[in-house]
Structure formats: structure tokens, C-alpha cells
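Enquirer: Take a look at the following structure, please.
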Amino acid sequence: MSNLFADSNPATASSGLATPVAQFFIPAAASLQERRPRTLKHGDTFAVFDHNGDALSGPGSPEGLFHQDTRHLSHLYLTINEQRPMLLSSTLRDDNATLTCDLTNPDQFDEKGRLLLGHDVIHLRRSRFLWNACCYERLAVRNYDERRQHVRIQISFGADFADLFEVRGTARAKRGRHLPAVVEQDWILLSYIGLDNRKRSTRLSFMPEPAEIRSDLVTYDLYLEPHETKSLFMQIGCDHASADRLSRLSFFLTLRDARRALRASSSRAASVTTSNEIFNEVARRSASDLYMLITDKPEGPYPYAGIPWFSTVFGRDALITALQTLWLDPEIARGVLGHLAANQATNVDPASDAEPGKILHEVRCGEMAELGEVPFRRYYGSIDSTPLFVMLAGDYLKRTGDLATIDRILPHVEAALTWIDEHGDRDGDGFVEYGRLTEEGLINQAWKDSNDSVFHADGTLARGPIAIAEVQAYVYGAWQSAAEIFRWRGKPERAASFLARAEGLRRAFDMSFFDEELGTYVLALDGDKRPCRVRSSNAGHALFTGIAYPERVAQVTRTLMNASSFCGWGIRTIPSTEARYNPMSYHNGSIWPHDNAMIASGLARYGYRAEAARIFEGLFAAATYIDLRRLPELLCGLPRQRARGPTSYPVACSPQAWAAAAPLSLLQSCLGLDFDPNSLQISFSVPRLPSFLDEVILRRLLIGNCSADVAIRRSRHQVVVDVINRQGNVSVLTTA
């Protein structure tokens, strides 16, 4: 992902290899998978709760309500008759609009051990959602006893106003100050003034008025007749969120608005229905996670990277997510291109690793970013975002024919291409290298950005500047996309020059990166141009963009699909043959769904759809074991074993945008789905269905102002494509 994790690898420690020091460390003091948290998000606000709907923050725990990189609620705890209720169920709606927790009372005894109230008599239902920087909750309390019951409900709360990087484990020498709480009859205001002199506040409102209200606790005494239900409402607003009086009506009207907004955004997308109901659940959760993570920017929809650590603008993550979902909803790509163009670097700023034409890596709004305690306020330390930006522009044009959007961002595309030449290629050897401009910047600036992710065959860390394999592939893709754009713009000479640049890079890449003995492309070239002779998943990205010569693909495919690399769930970042392999590491042996989806797309490009289907089958099998059918940011790369699920990575983000998009991208790769806006043509090239699917129905496949609904079915040893509905003059072609 996007900030550095430190992995302690016993294998490397015992062999005497240096263990790199963490940079922006996320401690694994508590496993997110152990608590299986429930997440909500809207705009710049997200929340992480436990199964009961509480937030019990502690070392390594991300629970709470966050707004713009600050935790506005760090503690929330509900009791019934001074005991924690027992969990019945905890679930998110399929569209992620609401979290519902069903709870009940435990046995209650008096001082002498006599049973006063048996368990499962009182039912509590917590219904919660986020909207416009506010968290709304309705607590419905129902008495199922035949007798009248007195029920005491207490809700304790607290706000530490911790910066997200503090929550992640960064220690601070000094903090701001908390202001005295303002307590009224039905609301409380908690405030903090940071060292950046910004006041941050949390307002908790309650309806009806509590029997007791304090700065950290509210109490309700409810008297419930047999089978009577009473409802309590709570609103938690961050900073300048609405301070309107809370009411039953306002709760349900706001809930309606939240659900309508989700439906409106997701209605743009094509829908997927298959013969496998479990995969249907995976696909629905993927789409729901994707649209929950999307935040509306002035330029259009923008997918934030992931919850809890990366719920903000990331360049690389959004660009790859947009590439993966172009077939599904091109509007995402348009929003990503527009927002990144609007925030493109225009000058040299070493503190933010910025250079003219460079595309964003990360944006942070918290106190520590504002003070420069972390370098990510507006940070450009990503070597791949800039070529990926150009790639996405070209692919968006090929998918939509939307030349007006491309014309608007064309100066930014030109600036990105200039950056590749003038700043990306530091030594003029034709390859793009990275190296931070200050000691505070990220050490490794490709997608595998852990401190120890780039190394030589003996495990020695590579010295920079580093030319990483997949970035050369992305630059090749950028030159190809530039040629496509200028061909559309009626400038064939410029298009031809970019094609020539691409072909020259392809030759140089093959000569410098392909290693016959390894049977694949080396991981990188170090600062002395020595190859890092390490097998890795990075090589699969050479297939993704087409920089690999066809005669190399069979060898690369065998290496990627070898048992040391493909463990049954997916392709490991680093196979078990390499010095720094550790299946529990962040980048040196783990399995990333987005990485696998990009590799599968590359395999399909060269006709290896059977191998792409194997990857699809492995990740789908993993999803069947995972809570909510939600693929996380990454999994541990331990071998798949019969009748056992995958091993979770303890602090993986979930949901994560490019992981959510992975199953949808894998489906496109297997089906060979493509679009030609000039001829209004949708095509399926040598479609293949993975073993767990016999039929796929795609509805609302948009092209221009037309659309088609298509069924893809297995028929003995063939796959048949049928058009079941057509709007406009669109044609659907299949090639065997």
C-alpha cells in the first residue's frame, strides 16, 4: 500500500540480514481480524466499531469515529442494567448503508446470587449510519417478558482527538489541549485545540433527553410494558456538522437521503449476476465497498484507498482501481483523472517529493500533517502514479471516446510525460528511477513500499536510485497511451514518436531486466545498475501493459504459476525461493488481490486465460471463508490446505478499493471483455468461465449512449455469448 510497514522476518534475522528500521510504522499490537470490525464511511468520515457497535480504543486499535484524519470519538460503550449486552448478530446491509447490531440482556443476579432477570428477555437493536460528517444511531429496546420491566441503558463515550498517525503508532512529544466539555440537557460538546491552532470538536446529541447527562456518560431509565418497544436516538457530529435538533423524523429522513445517494452512485455501474450465489455475494460486496469508498470531489467520484489507515486520496490506488473498473463504470476514471490533474505538482518541493508534472501520492488533513510531523499533507513520493495517470487517460479514451474530458486534462498529460523525461529518468539511461528528495520521504516509492521490499538475491537491500520492474512497464503503457491520445487528436506524427519511444523502452527493458536463469524479469536495477535477481510478482505487471515480448511470456507464466509462487489462494509477492520470503510479511510473500488481478489481466492479454482463471478461482475460494465475502487488502501467503481457509494479515485494511475491484477485474479478464466506442461494439475475445461459474449475466454494459445486457454461458466445452437486451445501435461480437 502506501505507507511503510516494518516486517520482522525470522528467516532474515537468523541469516544475519539487516532488519530495516520502520519509517511510518503501523504496530500489530492488536489484530483487526481478531475483532472483525464493522466499518462505515461517507465522504471524509469513517467509523470502525466492534460487533456490538461499540468503540473500545486501545493500543493498535483503530476503533472510533474519524473525520479528516482525526479520531473524533475514541470510546463508545453501551450497557444494559450495568452489564454489557450479549451479541446476537451484527451485519452490514448489502449496500453498506447501515450497520445493525442485535443484542440482548445477559442473566442478571442480585447480591445473593438469585436470578432477577433471565437472559434473552430484552432485545436491543442498534441501527447506525454515517452522513455528512455525522454518525446517526437508533437504539430500539423491546421487552419480550410478560411482566413490566425497568431497564437502565447507559452509554459512555470519549474523544481523544488523536491524529490518525498517532492511532497508527507514531509517538508525539507534545499534543494540544482539551477544552472543558459543554453539557446541556440533551447534548454535549467535546473540543480540542491542536498545536496547529485548529479547534476540532465532537457534538453528541440525544433524543429523548436522558435521565442523567455527564461529560462522559448518559443514562436512560426505561419502563417497558410487556412487548413494548421504546427508541432512543443519538447523533455524533464532527467539527461543523449539523447542530440541528435531533428527532425521530430527522433520523429517518437522513437515512433515506443516505440510501438514495448510495443507490444513485452505484446505479451507474453494470451489474453482475451469475449461476453461483456465493460469487454473487462476493460481487455485490465488491461493488458496495467500491461505492462506499468513493468520495465526491468537485471533479467527480474518487475512490479513497481503504479503511482504516488509508481513507483519503491516494494517487496510485485510485488510478489502479479506476483501471480495474473501466468496464464497469468509466465515470470513476473520469473523476480520478480530473482530481489528480487538478492537484498535479507544478514546482520542485523536496519536502513533499514534488516535481513539475508529478502526480499525487497521498493527501492528509490531520494535525500532524499540518505541522509537518509527517510529510503527507500533500505528498508526491510515488514513482508510478505519473505514468499510471497517462495510462488511465489513454484507456479511458479507448473505453469511452470522451475526447472532451481528455482535452481538458491534456496539458496535465503533457506535463506528466515531460516529468517522465526530465525527472523520472534521473540518469538518462531510459529507465525511470526513484529516490526520495529528503530523509523524511518514503524510501521505497513503488507499490511495494516497505523498507525491505527491494533486495538482491542474497537478501541485501538495494541501494537507490532504484529502477523497479513494473514502473518501466507502466512507462511503456504511458507512451502507448500518449500515442492513442494524439492519434485521436489528429496528430499522427506525435503518435508515431510515442510509439517509437515505447518500442525503444521495450527493447531496453528486455535486455536489462529479463533473466534467462530466473525465467522471469528481475525485480529491479539498483543505483549501480546491478540487477536485483529476485523472482517476484512485479514481473506479472510487464504482462499487464504488454511490454513483455511474446516469446518471454511462457517462461514468465511458468515462474508465476510455480508452486513456490502460486500458493493456491493467489500469486505471492515474493515466492518461497527468495531470501527475504516470509508469508506473514507485508510485501515479501503475502498475497494481494489487486496484484493478482493485474497479473491475470496481463496473462489474459497474451492468451493465458486458463492461468487467469486459476488465479480467479484461488481468490474466490479465499473470499468464501472471509467475513462478509470481502477480500481484504492482503492475505498471508501460507500454502492453501484442504478444508481450511486462508490466513489473515493482522492489520490489513478492509474494505480496500483495489481489493474490492479485483474480483470485477478478474471477471473481465476471463471473459475477454472489451469496448470500441467508435463502432459502438462490445466484444468478448476467447471468453473463458472459471470452474465455479456456469453462467454470467452482465446488465447495463454502457458504450456511448447505448447499452447491452449479455449472458455468457458454458455449453459443454464452449462458452456462448447471448445478447438478451439491447438499447441503441450497439453490436456484440465474440471471437473464439
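Naming scheme: A, B, ... for chains in displayed order of the C-alpha cells; residues 1 onward per chain; ligands 1 onward as shown.
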Taking the DSSP secondary structure from the backbone, can you list the residues of region 236-307 of chain A that are strand (DSSP E or B), as number ranges by chain?
Expert: A: 236-238, 271-274, 294-297, 300-303, 306
Enquirer: Store the residues picked out above, limited to C-alpha atoms, as a short mmCIF file (atom, residue, chain, number, x, y, z; two decimals), in the first residue's frame.
Expert:
```cif
data_model
loop_
_atom_site.label_atom_id
_atom_site.label_comp_id
_atom_site.auth_asym_id
_atom_site.auth_seq_id
_atom_site.Cartn_x
_atom_site.Cartn_y
_atom_site.Cartn_z
CA ILE A 236 -22.45 12.34 16.78
CA GLY A 237 -21.31 15.28 14.67
CA CYS A 238 -17.71 16.10 13.74
CA SER A 271 -24.48 -5.30 -12.74
CA VAL A 272 -23.18 -8.84 -12.41
CA THR A 273 -25.35 -11.90 -11.72
CA THR A 274 -24.07 -15.45 -12.01
CA ILE A 294 -15.94 6.71 -3.28
CA THR A 295 -15.97 10.35 -2.18
CA ASP A 296 -17.47 13.00 -4.42
CA LYS A 297 -14.88 15.60 -5.37
CA GLY A 300 -16.15 13.71 -9.92
CA PRO A 301 -16.18 10.45 -7.92
CA TYR A 302 -12.88 9.47 -6.31
CA PRO A 303 -12.27 6.11 -4.55
CA GLY A 306 -9.14 1.86 2.30
#
```
Enquirer: So that I can check the surroundings of Arg284 (chain A), please list as a PyMOL selection string every protein, DNA and RNA residue that reaches within 10 Å of it, counting only C-alpha atoms and ignoring chain neighbours fewer than 3 positions away.
Expert: chain A and resi 94-95+271-273+278-281+287-290+629-630+660
Enquirer: Which residue gives the smallest distance to Ile443 (chain A) among A:Val348, A:Leu253, A:Ile383, A:Ile703, with only C-alpha atoms counted?
Expert: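 Selected residue with least distance to Ile443 (chain A): A:Ile383.
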Enquirer: Between A:Phe620, A:Phe692, A:Phe509, A:Phe389, single out the one closest to Leu323 (chain A), counting only C-alpha atoms.
Expert: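 Nearest candidate to Leu323 (chain A) out of A:Phe620, A:Phe692, A:Phe509, A:Phe389: A:Phe389.
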Enquirer: Point out the residue among A:His456, A:Arg605, A:Lys491, A:Arg84 with the least atom-to-atom distance to Val534 (chain A), counting only C-alpha atoms.
Expert: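 The answer is A:His456, which sits nearest to Val534 (chain A).
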Enquirer: Between region 181-281 of chain A and region 96-118 of chain A, at 9 Å or less, what are the per-residue closest atom pairs and their distances in Å? Count only C-alpha atoms, order by chain and rising residue number, and return it as JSON lines.
Expert:
```
{"residue": "A:Leu255", "atom": "CA", "partner": "A:Ala97", "partner_atom": "CA", "distance": 8.4}
{"residue": "A:Ala258", "atom": "CA", "partner": "A:Ala97", "partner_atom": "CA", "distance": 7.0}
{"residue": "A:Arg259", "atom": "CA", "partner": "A:Ala97", "partner_atom": "CA", "distance": 6.0}
{"residue": "A:Leu262", "atom": "CA", "partner": "A:Ala97", "partner_atom": "CA", "distance": 7.4}
```
Enquirer: For region 466-522 of chain A versus region 427-441 of chain A, which residues have an atom no more than 8 Å away, and what is each residue's nearest atom pair and distance in Å rounded to one decimal, using only C-alpha atoms, chain-then-number order, as a Markdown table?
Expert:
```
| residue | atom | partner | partner_atom | distance |
| --- | --- | --- | --- | --- |
| A:Ile466 | CA | A:Glu433 | CA | 5.0 |
| A:Ala467 | CA | A:Glu433 | CA | 4.2 |
| A:Ile468 | CA | A:Glu433 | CA | 7.1 |
| A:Val471 | CA | A:Val432 | CA | 7.1 |
| A:Gln472 | CA | A:Phe431 | CA | 6.4 |
| A:Val475 | CA | A:Val432 | CA | 7.9 |
| A:Leu505 | CA | A:Gly430 | CA | 6.8 |
| A:Ala508 | CA | A:Gly430 | CA | 7.8 |
```
Enquirer: What's around region 667-670 of chain A at 12 Å? Count only C-alpha atoms, leave out sequence neighbours fewer than 6 positions away in its own chain, and write the answer as a ChimeraX atom specification.
Expert: /A:270,272-274,279,282-283,323-328,544,596-617,619-620,661,683-693,695-698,701,712,719
Enquirer: Provide the CA of Leu246 (chain A) to CA of Tyr291 (chain A) distance in Å, to one decimal place.
Expert: 27.6 Å
Enquirer: Would you please work out which residue, of A:Leu87, A:Leu319, A:Val374, A:Val218, is nearest to Glu166 (chain A) when using only C-alpha atoms?
Expert: A:Val374
Enquirer: If DSSP is run on the backbone, what residues of region 460-517 of chain A are helix (DSSP H, G or I)? A reply as a PyMOL selection string would be ideal.
Expert: chain A and resi 469-488+492-513
Enquirer: Between A:Asp384, A:Glu82, A:Glu277, A:Asp145, single out the one closest to Asp221 (chain A), counting only C-alpha atoms.
Expert: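 Smallest separation from Asp221 (chain A) among the options: A:Glu82.
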Enquirer: So, with only C-alpha atoms as the atoms that count, which of A:Val651, A:Leu65, A:Leu217, A:Leu631 lies closest to Leu78 (chain A)?
Expert: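 Going through A:Val651, A:Leu65, A:Leu217, A:Leu631 one by one, the smallest distance to Leu78 (chain A) is for A:Leu217.
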Enquirer: So the first atom is CA of Ala342 (chain A) and the second is CA of Leu360 (chain A); what is the distance between them in Å, to one decimal place?
Expert: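 So the answer is 10.0 Å.
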Enquirer: Find the spatial neighbours of Arg152 (chain A), counting only C-alpha atoms, within a cut-off of 6 Å - ignore same-chain residues fewer than 5 positions away - and output them as a tab-separated table (two decimals) with C-alpha atoms, in the first residue's frame.
Expert:
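Output file selection-v7.tsv is given in full below:
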```tsv
chain	number	residue	atom	x	y	z
A	80	ILE	CA	-27.94	-2.65	29.95
A	81	ASN	CA	-28.50	-2.77	33.69
A	220	TYR	CA	-31.81	6.30	30.44
A	221	ASP	CA	-34.30	4.62	32.78
```
Enquirer: What's the separation between CA of Ser648 (chain A) and CA of Gly570 (chain A), in Å to one decimal place?
Expert: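 So the two atoms, CA of Ser648 (chain A) and CA of Gly570 (chain A), lie 13.5 Å apart.
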